[in-house]
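Novice: One file: final_38.cif (mmCIF, C-alpha atoms).
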```
data_run
loop_
_atom_site.label_atom_id
_atom_site.label_comp_id
_atom_site.auth_asym_id
_atom_site.auth_seq_id
_atom_site.Cartn_x
_atom_site.Cartn_y
_atom_site.Cartn_z
CA SER A 525 109.97 117.08 106.58
CA SER A 526 111.06 113.46 106.78
CA PHE A 527 109.17 110.67 108.52
CA ASP A 528 109.60 106.96 109.00
CA VAL A 529 105.85 106.46 108.39
CA VAL A 530 103.27 108.82 106.90
CA VAL A 531 99.53 108.29 107.35
CA ILE A 532 97.43 109.96 104.63
CA GLY A 533 94.01 110.95 105.96
CA GLY A 534 92.99 112.75 109.14
CA GLY A 535 89.67 111.05 109.77
CA ILE A 536 88.96 108.77 112.72
CA VAL A 537 90.56 105.67 111.10
CA GLY A 538 93.72 107.53 110.05
CA LEU A 539 94.12 109.19 113.43
CA ALA A 540 93.48 105.97 115.35
CA SER A 541 96.04 104.20 113.15
CA ALA A 542 98.67 106.90 113.61
CA ARG A 543 98.07 106.80 117.37
CA ALA A 544 98.41 103.00 117.47
CA LEU A 545 101.63 103.11 115.45
CA ILE A 546 103.36 105.73 117.58
CA LEU A 547 102.31 104.09 120.86
CA ARG A 548 103.74 100.82 119.60
CA HIS A 549 106.86 102.35 118.01
CA PRO A 550 107.70 105.48 120.05
CA THR A 551 111.13 105.87 118.47
CA LEU A 552 109.73 106.23 114.93
CA SER A 553 108.89 109.62 113.41
CA ILE A 554 105.28 109.49 112.18
CA GLY A 555 103.27 112.14 110.36
CA VAL A 556 99.60 112.52 109.43
CA LEU A 557 98.69 114.41 106.24
CA GLU A 558 95.18 115.92 105.98
CA LYS A 559 93.93 117.93 103.02
CA GLU A 560 91.49 120.07 105.03
CA LYS A 561 92.48 122.78 107.51
CA GLU A 562 90.75 120.81 110.28
CA LEU A 563 90.74 117.11 111.18
CA ALA A 564 87.86 114.64 111.01
CA ILE A 565 85.33 116.83 109.20
CA HIS A 566 84.06 114.51 106.47
CA GLN A 567 82.76 110.98 107.17
CA THR A 568 83.83 111.22 110.83
CA GLY A 569 82.08 114.55 111.33
CA HIS A 570 78.93 113.69 109.39
CA ASN A 571 77.92 110.27 110.74
CA SER A 572 75.06 109.28 113.03
CA GLY A 573 77.26 108.94 116.14
CA VAL A 574 76.05 105.40 116.91
CA ILE A 575 78.34 102.98 118.73
CA HIS A 576 77.24 99.81 116.94
CA SER A 577 77.06 96.50 118.78
CA GLY A 578 78.10 94.28 115.82
CA ILE A 579 74.81 92.43 115.25
CA TYR A 580 74.43 93.04 111.52
CA TYR A 581 77.61 91.67 110.05
CA LYS A 582 78.37 88.31 108.53
CA PRO A 583 79.87 85.97 111.16
CA GLU A 584 83.66 85.65 110.89
CA SER A 585 83.86 88.77 108.67
CA LEU A 586 86.27 91.55 109.58
CA LYS A 587 83.28 93.82 110.12
CA ALA A 588 81.81 91.48 112.72
CA LYS A 589 85.08 90.88 114.58
CA LEU A 590 86.29 94.48 114.50
CA CYS A 591 82.92 96.01 115.42
CA VAL A 592 82.36 93.85 118.51
CA GLN A 593 85.94 94.40 119.63
CA GLY A 594 85.88 98.09 118.64
CA ALA A 595 82.70 98.91 120.57
CA SER A 596 84.23 97.58 123.76
CA LEU A 597 87.43 99.57 123.13
CA ILE A 598 85.50 102.81 122.39
CA TYR A 599 83.57 102.58 125.66
CA GLU A 600 86.81 101.87 127.54
CA TYR A 601 88.61 104.77 125.82
CA CYS A 602 85.78 107.24 126.50
CA ASN A 603 85.80 106.23 130.16
CA GLN A 604 89.57 106.78 130.37
CA LYS A 605 89.43 110.18 128.66
CA GLY A 606 86.22 111.47 130.20
CA ILE A 607 84.48 111.72 126.81
CA SER A 608 80.70 111.76 127.24
CA TYR A 609 78.62 108.98 125.71
CA LYS A 610 75.25 107.38 126.36
CA GLN A 611 74.63 103.65 126.30
CA CYS A 612 71.01 104.20 125.36
CA GLY A 613 70.44 100.86 123.62
CA LYS A 614 68.67 100.02 120.39
CA LEU A 615 65.54 98.19 119.31
CA ILE A 616 65.45 96.53 115.88
CA VAL A 617 61.71 96.34 115.31
CA ALA A 618 59.64 94.08 113.06
CA VAL A 619 56.39 95.86 112.13
CA GLU A 620 55.21 93.30 109.53
CA GLN A 621 54.69 89.57 109.99
CA GLU A 622 57.01 88.71 107.08
CA GLU A 623 59.90 90.54 108.81
CA ILE A 624 59.88 88.22 111.84
CA PRO A 625 61.92 85.35 110.26
CA ARG A 626 64.55 87.92 109.16
CA LEU A 627 64.56 89.40 112.67
CA GLN A 628 65.07 85.98 114.24
CA ALA A 629 67.89 85.21 111.80
CA LEU A 630 69.50 88.54 112.71
CA TYR A 631 69.24 87.67 116.39
CA GLU A 632 71.03 84.36 115.76
CA ARG A 633 73.71 86.20 113.79
CA GLY A 634 74.23 88.59 116.72
CA LEU A 635 74.69 85.65 119.08
CA GLN A 636 77.24 84.13 116.69
CA ASN A 637 79.11 87.43 116.64
CA GLY A 638 79.30 87.54 120.43
CA VAL A 639 77.18 90.68 120.87
CA GLN A 640 76.48 91.31 124.55
CA GLY A 641 73.04 91.29 126.16
CA LEU A 642 70.85 90.53 123.11
CA ARG A 643 67.28 89.37 123.66
CA LEU A 644 64.13 88.97 121.57
CA ILE A 645 61.18 90.88 123.03
CA GLN A 646 57.46 91.01 122.30
CA GLN A 647 55.00 93.90 121.99
CA GLU A 648 54.56 94.57 125.72
CA ASP A 649 58.33 94.82 126.30
CA ILE A 650 58.74 97.06 123.25
CA LYS A 651 56.27 99.47 124.93
CA LYS A 652 58.29 99.40 128.17
CA LYS A 653 61.43 100.41 126.28
CA GLU A 654 59.84 102.77 123.76
CA PRO A 655 56.32 103.82 124.88
CA TYR A 656 55.41 105.40 121.50
CA CYS A 657 56.83 102.65 119.28
CA ARG A 658 54.68 99.88 117.87
CA GLY A 659 55.97 96.55 116.62
CA LEU A 660 55.27 92.83 116.62
CA MET A 661 58.68 91.73 117.87
CA ALA A 662 62.08 93.35 118.39
CA ILE A 663 65.70 92.64 119.20
CA ASP A 664 66.80 94.55 122.27
CA CYS A 665 70.48 95.59 121.90
CA PRO A 666 71.35 97.24 125.23
CA TYR A 667 75.05 97.56 124.33
CA THR A 668 74.41 100.09 121.51
CA GLY A 669 75.34 103.66 122.39
CA ILE A 670 75.90 107.15 121.02
CA VAL A 671 78.93 109.45 121.09
CA ASP A 672 80.36 112.45 119.21
CA TYR A 673 82.93 110.69 117.03
CA ARG A 674 84.64 113.93 116.05
CA LEU A 675 85.51 114.49 119.72
CA VAL A 676 86.87 110.94 119.87
CA ALA A 677 88.95 111.49 116.71
CA LEU A 678 90.38 114.78 118.02
CA SER A 679 91.31 112.98 121.25
CA PHE A 680 93.16 110.36 119.16
CA ALA A 681 95.00 113.25 117.43
CA GLN A 682 95.95 114.74 120.80
CA ASP A 683 97.27 111.37 122.01
CA PHE A 684 99.28 111.05 118.80
CA GLN A 685 100.80 114.53 119.10
CA ASP A 686 101.50 114.10 122.82
CA ALA A 687 103.50 110.98 121.92
CA GLY A 688 105.61 112.97 119.44
CA GLY A 689 103.60 112.62 116.22
CA SER A 690 103.19 115.43 113.67
CA VAL A 691 99.94 116.53 112.00
CA LEU A 692 100.14 118.52 108.77
CA THR A 693 96.80 120.02 107.71
CA ASN A 694 96.08 121.82 104.41
CA PHE A 695 98.18 119.11 102.75
CA GLU A 696 96.21 117.76 99.78
CA VAL A 697 98.24 114.94 98.25
CA LYS A 698 98.86 115.31 94.52
CA ASP A 699 101.79 112.97 93.81
CA ILE A 700 103.41 109.94 95.42
CA GLU A 701 106.68 108.91 93.81
CA MET A 702 110.14 107.59 94.48
CA ALA A 703 112.85 110.19 95.07
CA ARG A 704 115.07 110.66 92.05
CA GLU A 705 118.60 109.33 92.27
CA SER A 706 121.25 112.04 92.30
CA PRO A 707 124.89 112.22 93.47
CA SER A 708 124.06 115.22 95.68
CA ARG A 709 121.52 113.34 97.79
CA SER A 710 122.70 112.79 101.32
CA GLU A 711 122.60 109.48 103.15
CA ASP A 712 119.75 110.84 105.26
CA GLU A 713 117.71 111.64 102.13
CA MET A 714 118.35 108.14 100.78
CA LYS A 715 116.77 106.75 103.96
CA TYR A 716 113.42 108.32 102.98
CA PRO A 717 112.87 107.22 99.38
CA ILE A 718 109.16 108.10 98.98
CA VAL A 719 108.24 111.68 98.11
CA ILE A 720 104.68 112.86 98.76
CA ARG A 721 103.88 116.20 97.14
CA ASN A 722 100.83 118.39 97.70
CA THR A 723 98.88 120.70 95.40
CA LYS A 724 101.02 123.68 96.52
CA GLY A 725 104.29 121.98 95.57
CA GLU A 726 105.33 121.26 99.16
CA GLU A 727 106.66 117.79 99.89
CA VAL A 728 107.45 115.34 102.65
CA GLN A 729 109.67 112.27 102.42
CA CYS A 730 109.19 108.98 104.19
CA GLN A 731 110.05 105.29 104.28
CA TYR A 732 106.52 103.86 104.43
CA VAL A 733 102.96 105.03 103.81
CA VAL A 734 99.56 104.06 105.23
CA THR A 735 96.55 105.53 103.42
CA CYS A 736 93.20 106.05 105.17
CA ALA A 737 91.71 108.38 102.57
CA GLY A 738 88.01 107.48 102.82
CA LEU A 739 86.18 109.07 99.89
CA TYR A 740 89.47 109.34 97.98
CA SER A 741 90.97 105.95 98.80
CA ASP A 742 90.81 104.75 95.17
CA ARG A 743 92.47 107.90 93.80
CA ILE A 744 95.25 107.88 96.39
CA SER A 745 95.89 104.22 95.58
CA GLU A 746 96.09 105.06 91.88
CA LEU A 747 98.50 107.95 92.58
CA SER A 748 100.85 105.47 94.25
CA GLY A 749 100.79 103.14 91.24
CA CYS A 750 98.55 100.59 92.97
CA SER A 751 95.19 99.29 91.79
CA PRO A 752 92.33 101.80 91.50
CA ASP A 753 89.82 99.04 92.28
CA PRO A 754 87.54 98.86 94.14
CA GLN A 755 86.23 102.22 92.99
CA ILE A 756 84.55 104.54 95.49
CA VAL A 757 80.96 105.56 94.77
CA PRO A 758 79.67 108.35 97.05
CA PHE A 759 76.19 107.84 98.53
CA ARG A 760 74.61 110.78 100.30
CA GLY A 761 72.48 110.13 103.35
CA ASP A 762 70.03 112.91 104.22
CA TYR A 763 68.76 113.18 107.79
CA LEU A 764 65.58 114.78 109.09
CA LEU A 765 65.28 116.32 112.56
CA LEU A 766 62.45 115.77 114.99
CA LYS A 767 61.30 119.13 116.35
CA PRO A 768 62.48 119.66 119.96
CA GLU A 769 58.94 119.56 121.39
CA LYS A 770 58.48 116.07 119.87
CA CYS A 771 61.76 114.49 121.03
CA TYR A 772 59.93 112.81 123.91
CA LEU A 773 58.62 110.29 121.36
CA VAL A 774 62.03 108.57 121.12
CA LYS A 775 64.13 107.24 124.03
CA GLY A 776 66.89 105.22 122.31
CA ASN A 777 67.83 104.03 118.82
CA ILE A 778 64.94 102.48 116.85
CA TYR A 779 65.90 100.62 113.67
CA PRO A 780 63.93 98.68 111.05
CA VAL A 781 64.74 95.07 110.15
CA PRO A 782 67.42 95.52 107.46
CA ASP A 783 67.19 94.17 103.93
CA SER A 784 70.19 91.87 103.51
CA ARG A 785 70.51 92.82 99.82
CA PHE A 786 71.79 96.29 100.73
CA PRO A 787 74.53 97.60 103.05
CA PHE A 788 72.28 100.43 104.24
CA LEU A 789 70.35 99.84 107.45
CA GLY A 790 67.20 101.72 106.45
CA VAL A 791 65.66 104.88 107.86
CA HIS A 792 65.92 104.88 111.65
CA PHE A 793 65.53 107.03 114.77
CA THR A 794 68.82 108.16 116.33
CA PRO A 795 69.17 110.19 119.53
CA ARG A 796 72.16 112.52 119.60
CA MET A 797 74.41 113.65 122.40
CA ASP A 798 72.92 117.17 122.26
CA GLY A 799 69.42 115.78 122.91
CA SER A 800 68.18 116.10 119.33
CA ILE A 801 66.71 113.18 117.37
CA TRP A 802 67.88 112.42 113.83
CA LEU A 803 65.60 110.52 111.46
CA GLY A 804 67.17 108.75 108.51
CA PRO A 805 69.29 108.49 106.54
CA ASN A 806 68.16 107.65 103.04
CA ALA A 807 70.80 106.52 100.51
CA VAL A 808 71.06 108.37 97.19
CA LEU A 809 73.91 108.77 94.73
CA ALA A 810 75.90 111.92 95.49
CA PHE A 811 77.09 113.86 92.44
CA LYS A 812 80.24 114.95 94.27
CA ARG A 813 82.48 113.02 96.65
CA GLU A 814 81.96 115.61 99.36
CA GLY A 815 78.53 116.62 98.12
CA TYR A 816 76.52 117.24 101.27
CA LYS A 817 73.84 119.26 99.44
CA PRO A 818 71.51 117.81 96.78
CA PHE A 819 72.84 120.09 94.02
CA ASP A 820 76.56 119.78 94.79
CA PHE A 821 78.17 118.56 91.57
CA SER A 822 81.63 117.58 90.32
CA ALA A 823 82.03 116.62 86.65
CA ARG A 824 85.15 114.57 87.43
CA ASP A 825 83.51 112.70 90.30
CA ILE A 826 80.38 111.77 88.37
CA THR A 827 82.38 110.84 85.24
CA ASP A 828 84.57 108.50 87.30
CA VAL A 829 81.51 106.90 88.90
CA ILE A 830 79.86 106.24 85.53
CA THR A 831 82.93 105.15 83.54
CA LYS A 832 85.18 103.41 86.06
CA SER A 833 82.89 101.70 88.54
CA GLY A 834 80.15 99.11 88.20
CA LEU A 835 77.46 101.70 88.99
CA ILE A 836 75.43 101.09 85.82
CA LYS A 837 75.16 97.40 86.70
CA LEU A 838 74.24 98.25 90.29
CA VAL A 839 71.49 100.62 89.13
CA SER A 840 70.07 98.11 86.65
CA GLN A 841 69.98 95.41 89.35
CA ASN A 842 68.36 97.66 91.98
CA PHE A 843 66.41 100.18 89.94
CA SER A 844 63.22 100.19 92.02
CA TYR A 845 65.18 100.60 95.28
CA GLY A 846 67.08 103.57 93.84
CA VAL A 847 63.89 105.25 92.62
CA SER A 848 62.29 104.75 96.04
CA GLU A 849 65.27 106.36 97.79
CA MET A 850 65.26 109.32 95.38
CA TYR A 851 61.51 109.76 95.93
CA LYS A 852 61.97 109.79 99.71
CA ALA A 853 64.78 112.34 99.34
CA CYS A 854 62.47 114.69 97.44
CA PHE A 855 59.23 114.25 99.39
CA LEU A 856 59.22 114.40 103.17
CA SER A 857 55.80 112.79 103.31
CA ALA A 858 57.24 109.55 101.86
CA THR A 859 59.85 109.31 104.63
CA VAL A 860 57.27 110.22 107.29
CA LYS A 861 54.98 107.47 106.03
CA HIS A 862 57.80 105.00 106.64
CA LEU A 863 58.55 106.44 110.10
CA GLN A 864 54.88 106.19 111.06
CA LYS A 865 55.11 102.40 110.80
CA PHE A 866 57.14 102.62 114.01
CA ILE A 867 55.81 105.76 115.71
CA PRO A 868 52.32 106.58 114.36
CA GLU A 869 52.15 109.94 116.19
CA ILE A 870 54.82 111.53 113.97
CA THR A 871 53.48 113.89 111.28
CA VAL A 872 55.08 116.00 108.54
CA ARG A 873 54.62 119.06 110.79
CA ASP A 874 56.90 117.45 113.42
CA ILE A 875 60.05 117.28 111.27
CA LEU A 876 62.63 119.55 109.69
CA ARG A 877 65.28 118.90 107.07
CA GLY A 878 68.59 118.21 108.76
CA PRO A 879 72.25 117.53 107.95
CA ALA A 880 73.65 115.01 105.48
CA GLY A 881 76.64 112.71 105.26
CA VAL A 882 78.40 111.05 102.33
CA ARG A 883 79.37 107.41 102.59
CA ALA A 884 82.43 106.13 100.70
CA GLN A 885 80.99 102.91 99.29
CA ALA A 886 83.37 100.64 97.43
CA LEU A 887 81.95 99.04 94.29
CA ASP A 888 83.51 96.34 92.12
CA GLN A 889 83.38 96.20 88.32
CA ASP A 890 80.40 93.83 88.39
CA GLY A 891 78.27 96.30 90.31
CA ASN A 892 78.60 94.49 93.63
CA LEU A 893 78.79 96.59 96.79
CA VAL A 894 82.00 95.62 98.61
CA ASP A 895 80.66 94.81 102.04
CA ASP A 896 83.75 94.14 104.14
CA PHE A 897 86.84 96.11 105.02
CA VAL A 898 89.56 95.92 102.34
CA PHE A 899 93.27 96.40 103.08
CA ASP A 900 95.95 95.97 100.41
CA GLY A 901 99.30 97.12 99.13
CA GLY A 902 100.86 96.76 95.71
CA ASP A 903 103.86 95.71 93.70
CA GLY A 904 106.97 97.61 92.72
CA VAL A 905 109.16 99.97 94.69
CA ILE A 906 106.31 102.13 96.04
CA GLY A 907 103.71 99.38 96.27
CA ASN A 908 105.95 97.37 98.59
CA ARG A 909 106.18 100.33 100.96
CA ILE A 910 102.50 101.21 101.18
CA LEU A 911 99.40 99.87 102.91
CA HIS A 912 95.99 101.06 101.68
CA VAL A 913 92.85 100.99 103.79
CA ARG A 914 90.64 100.66 100.73
CA ASN A 915 87.16 100.19 102.12
CA ALA A 916 86.21 101.19 105.65
CA PRO A 917 82.46 101.83 105.65
CA SER A 918 80.15 101.86 108.66
CA PRO A 919 80.90 100.66 111.34
CA ALA A 920 84.44 102.05 110.83
CA ALA A 921 84.03 104.72 113.53
CA THR A 922 82.86 102.15 116.09
CA SER A 923 85.66 99.82 114.96
CA SER A 924 88.39 102.47 114.72
CA LEU A 925 90.49 101.32 117.69
CA ALA A 926 90.22 97.67 116.63
CA ILE A 927 91.07 98.58 113.01
CA SER A 928 94.06 100.59 114.19
CA GLY A 929 95.44 97.59 116.07
CA MET A 930 95.09 95.44 112.97
CA ILE A 931 96.76 98.10 110.81
CA ALA A 932 99.65 98.40 113.30
CA ASP A 933 100.08 94.61 113.13
CA GLU A 934 99.99 94.67 109.33
CA VAL A 935 102.47 97.56 109.09
CA GLN A 936 104.84 95.82 111.48
CA GLN A 937 104.67 92.61 109.50
CA ARG A 938 104.89 94.14 106.00
CA PHE A 939 107.57 96.69 106.69
CA LYS A 940 109.55 94.74 109.33
CA LEU A 941 109.46 97.65 111.78
#
```
Rewrite the structure from the file as structure tokens, please.

Specialist:
Amino acid sequence: SSFDVVVIGGGIVGLASARALILRHPTLSIGVLEKEKELAIHQTGHNSGVIHSGIYYKPESLKAKLCVQGASLIYEYCNQKGISYKQCGKLIVAVEQEEIPRLQALYERGLQNGVQGLRLIQQEDIKKKEPYCRGLMAIDCPYTGIVDYRLVALSFAQDFQDAGGSVLTNFEVKDIEMARESPSRSEDEMKYPIVIRNTKGEEVQCQYVVTCAGLYSDRISELSGCSPDPQIVPFRGDYLLLKPEKCYLVKGNIYPVPDSRFPFLGVHFTPRMDGSIWLGPNAVLAFKREGYKPFDFSARDITDVITKSGLIKLVSQNFSYGVSEMYKACFLSATVKHLQKFIPEITVRDILRGPAGVRAQALDQDGNLVDDFVFDGGDGVIGNRILHVRNAPSPAATSSLAISGMIADEVQQRFKL
């Protein structure tokens, strides 16, 4: 198979990007390569399903711009396609006096980011929104919603295929290289100089490549001869489930005031489209890049994390936080104690262990968590023909349509399409 552009990665960002490219350039042949037999089953299929409003992110950052824009586009897209969602809102609740200045600063940040409908509310209004929640003050974010992002991603894939795009599943990329020169190569073969080979020895050829490889973005970059940094460190987030008879305790999303030192938003209450309530997630190091269970282990993955990334520095700088997260992962009572700060009626008997997701967190050599989206290419014959989406953490699902527009712009500019 030969394509003008190949997108590596069949998650929500890769599918949105492929869709944007083919809608903008309908005469180009575009293919999506996905290593699994189904699309969108890793980060896309394991996230909380929240349509974020954009309140958390540093003003003027890509995260802030793309999230606010992306949320609006997701709602619009779901309306067009008849995909169910609920705009159930969110409260970010301060339960301690010392959290109030941070809450007020977060509110100001949300206003700077252009988030719609924000307001600071007091105890009596918290009770009107969430009758079982206690708090001193909260930010009411009415624009926050929930959706099944896998359904959204599969709709993107359908749009892409309807427009003439090709999706190749069970295609795990092993090599990316330039086609070898030979007298027997036809003019048509010369037009597609990049060869992408999978683990079964099958290959496709193309002119340009966009990688949206999530948990494997660093390895795919390295395969193409580009920089392996920032390295990906997998963090598992375990969720608990509120028993069905207790779901009346939660109406919408309830979040704690985040700690600005960490990219994780803390344990929160998340309603789901099926009516269930997820509690969590925590954030613990996963010992495998797709390690959804506590004892999933990959020697290669953990060796790479220890030797290539700045994990040791990160751990030394945040040791007590890491120990606390590990403790909460092992003992339900520790997580419940935290949840009771918001809804005192919840007990250990009201919860069950639930699903987990793995977040592809980019980490630099100094142990700093890379907070914003990272897009880059490289040098040399392949590097000049490739665009890597290197770091697309939460809120990438919310931002997917906005990200895809930016990627289409970047591809057009870099590759002169």

Novice: Taking the file above as input, evaluate the PyMOL selection byres ((chain A and resi 838) around 10) and report the hits as a list of chain:residue names.

Specialist: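 Matching residues under the PyMOL selection byres ((chain A and resi 838) around 10) are A:Ser833, A:Gly834, A:Leu835, A:Ile836, A:Lys837, A:Val839, A:Ser840, A:Gln841, A:Asn842, A:Phe843, A:Gly846, A:Leu887, A:Asp888, A:Gln889, A:Asp890, A:Gly891, A:Asn892, A:Leu893.
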
Novice: Write out as a ChimeraX atom specification the residues lying within 9 Å of A:Met850, counting only C-alpha atoms and excluding same-chain residues fewer than 4 positions away.

Specialist: /A:806-809,845-846,854-855

Novice: At what distance in Å, to one decimal, does atom CA of A:Ile532 lie from atom CA of A:Val733?

Specialist: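 Interatomic distance, atom CA of A:Val733 to atom CA of A:Ile532: 7.5 Å.
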
Novice: Can you work out which one of A:Ala703, A:Ile720, A:Val894, A:Ile575 has the shortest atom-to-atom distance to A:Tyr609, counting only C-alpha atoms?

Specialist: A:Ile575

Novice: Write out as a PyMOL selection string which residues come within 10 Å of A:Tyr667 when counting only C-alpha atoms, dropping same-chain ones fewer than 4 positions away.

Specialist: chain A and resi 575-578+595-596+599+611-614+639-642

Novice: I need the residue set behind the PyMOL selection byres ((chain A and resi 910-918) around 6) for this file; please write it as a PDB file with C-alpha atoms, in the frame of the given file.

Specialist:
```
ATOM      1  CA  TYR A 732     106.520 103.860 104.430  1.00  0.00           C
ATOM      2  CA  VAL A 733     102.960 105.030 103.810  1.00  0.00           C
ATOM      3  CA  VAL A 734      99.560 104.060 105.230  1.00  0.00           C
ATOM      4  CA  THR A 735      96.550 105.530 103.420  1.00  0.00           C
ATOM      5  CA  CYS A 736      93.200 106.050 105.170  1.00  0.00           C
ATOM      6  CA  SER A 741      90.970 105.950  98.800  1.00  0.00           C
ATOM      7  CA  PHE A 897      86.840  96.110 105.020  1.00  0.00           C
ATOM      8  CA  VAL A 898      89.560  95.920 102.340  1.00  0.00           C
ATOM      9  CA  PHE A 899      93.270  96.400 103.080  1.00  0.00           C
ATOM     10  CA  ASP A 900      95.950  95.970 100.410  1.00  0.00           C
ATOM     11  CA  GLY A 901      99.300  97.120  99.130  1.00  0.00           C
ATOM     12  CA  GLY A 907     103.710  99.380  96.270  1.00  0.00           C
ATOM     13  CA  ASN A 908     105.950  97.370  98.590  1.00  0.00           C
ATOM     14  CA  ARG A 909     106.180 100.330 100.960  1.00  0.00           C
ATOM     15  CA  PRO A 919      80.900 100.660 111.340  1.00  0.00           C
ATOM     16  CA  ALA A 920      84.440 102.050 110.830  1.00  0.00           C
TER      17      ALA A 920
END
```

Novice: To one decimal place in Å, what is the distance between atom CA of A:Cys657 and atom CA of A:Gly634?

Specialist: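 Atom CA of A:Cys657 sits 22.5 Å away from atom CA of A:Gly634.
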
Novice: For the file shown, what are the residues hit by the PyMOL selection byres ((chain A and resi 694) around 9), laid out as number ranges by chain?

Specialist: A: 557-562, 692-693, 695-696, 722

Novice: Please check which residues have atoms at most 12 Å from (68.8, 113.3, 107.8) in the file's coordinates, counting all atoms listed in the file, and write them as a PyMOL selection string.

Specialist: chain A and resi 570-572+760-766+790-794+800-808+816-817+852-853+856+859-860+875-882

Novice: Any chance you could export the current selection's C-alpha atoms as a PDB file, keeping the file's coordinate frame?

Specialist:
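This went into again.pdb:
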```
ATOM      1  CA  HIS A 570      78.930 113.690 109.390  1.00  0.00           C
ATOM      2  CA  ASN A 571      77.920 110.270 110.740  1.00  0.00           C
ATOM      3  CA  SER A 572      75.060 109.280 113.030  1.00  0.00           C
ATOM      4  CA  ARG A 760      74.610 110.780 100.300  1.00  0.00           C
ATOM      5  CA  GLY A 761      72.480 110.130 103.350  1.00  0.00           C
ATOM      6  CA  ASP A 762      70.030 112.910 104.220  1.00  0.00           C
ATOM      7  CA  TYR A 763      68.760 113.180 107.790  1.00  0.00           C
ATOM      8  CA  LEU A 764      65.580 114.780 109.090  1.00  0.00           C
ATOM      9  CA  LEU A 765      65.280 116.320 112.560  1.00  0.00           C
ATOM     10  CA  LEU A 766      62.450 115.770 114.990  1.00  0.00           C
ATOM     11  CA  GLY A 790      67.200 101.720 106.450  1.00  0.00           C
ATOM     12  CA  VAL A 791      65.660 104.880 107.860  1.00  0.00           C
ATOM     13  CA  HIS A 792      65.920 104.880 111.650  1.00  0.00           C
ATOM     14  CA  PHE A 793      65.530 107.030 114.770  1.00  0.00           C
ATOM     15  CA  THR A 794      68.820 108.160 116.330  1.00  0.00           C
ATOM     16  CA  SER A 800      68.180 116.100 119.330  1.00  0.00           C
ATOM     17  CA  ILE A 801      66.710 113.180 117.370  1.00  0.00           C
ATOM     18  CA  TRP A 802      67.880 112.420 113.830  1.00  0.00           C
ATOM     19  CA  LEU A 803      65.600 110.520 111.460  1.00  0.00           C
ATOM     20  CA  GLY A 804      67.170 108.750 108.510  1.00  0.00           C
ATOM     21  CA  PRO A 805      69.290 108.490 106.540  1.00  0.00           C
ATOM     22  CA  ASN A 806      68.160 107.650 103.040  1.00  0.00           C
ATOM     23  CA  ALA A 807      70.800 106.520 100.510  1.00  0.00           C
ATOM     24  CA  VAL A 808      71.060 108.370  97.190  1.00  0.00           C
ATOM     25  CA  TYR A 816      76.520 117.240 101.270  1.00  0.00           C
ATOM     26  CA  LYS A 817      73.840 119.260  99.440  1.00  0.00           C
ATOM     27  CA  LYS A 852      61.970 109.790  99.710  1.00  0.00           C
ATOM     28  CA  ALA A 853      64.780 112.340  99.340  1.00  0.00           C
ATOM     29  CA  LEU A 856      59.220 114.400 103.170  1.00  0.00           C
ATOM     30  CA  THR A 859      59.850 109.310 104.630  1.00  0.00           C
ATOM     31  CA  VAL A 860      57.270 110.220 107.290  1.00  0.00           C
ATOM     32  CA  ILE A 875      60.050 117.280 111.270  1.00  0.00           C
ATOM     33  CA  LEU A 876      62.630 119.550 109.690  1.00  0.00           C
ATOM     34  CA  ARG A 877      65.280 118.900 107.070  1.00  0.00           C
ATOM     35  CA  GLY A 878      68.590 118.210 108.760  1.00  0.00           C
ATOM     36  CA  PRO A 879      72.250 117.530 107.950  1.00  0.00           C
ATOM     37  CA  ALA A 880      73.650 115.010 105.480  1.00  0.00           C
ATOM     38  CA  GLY A 881      76.640 112.710 105.260  1.00  0.00           C
ATOM     39  CA  VAL A 882      78.400 111.050 102.330  1.00  0.00           C
TER      40      VAL A 882
END
```
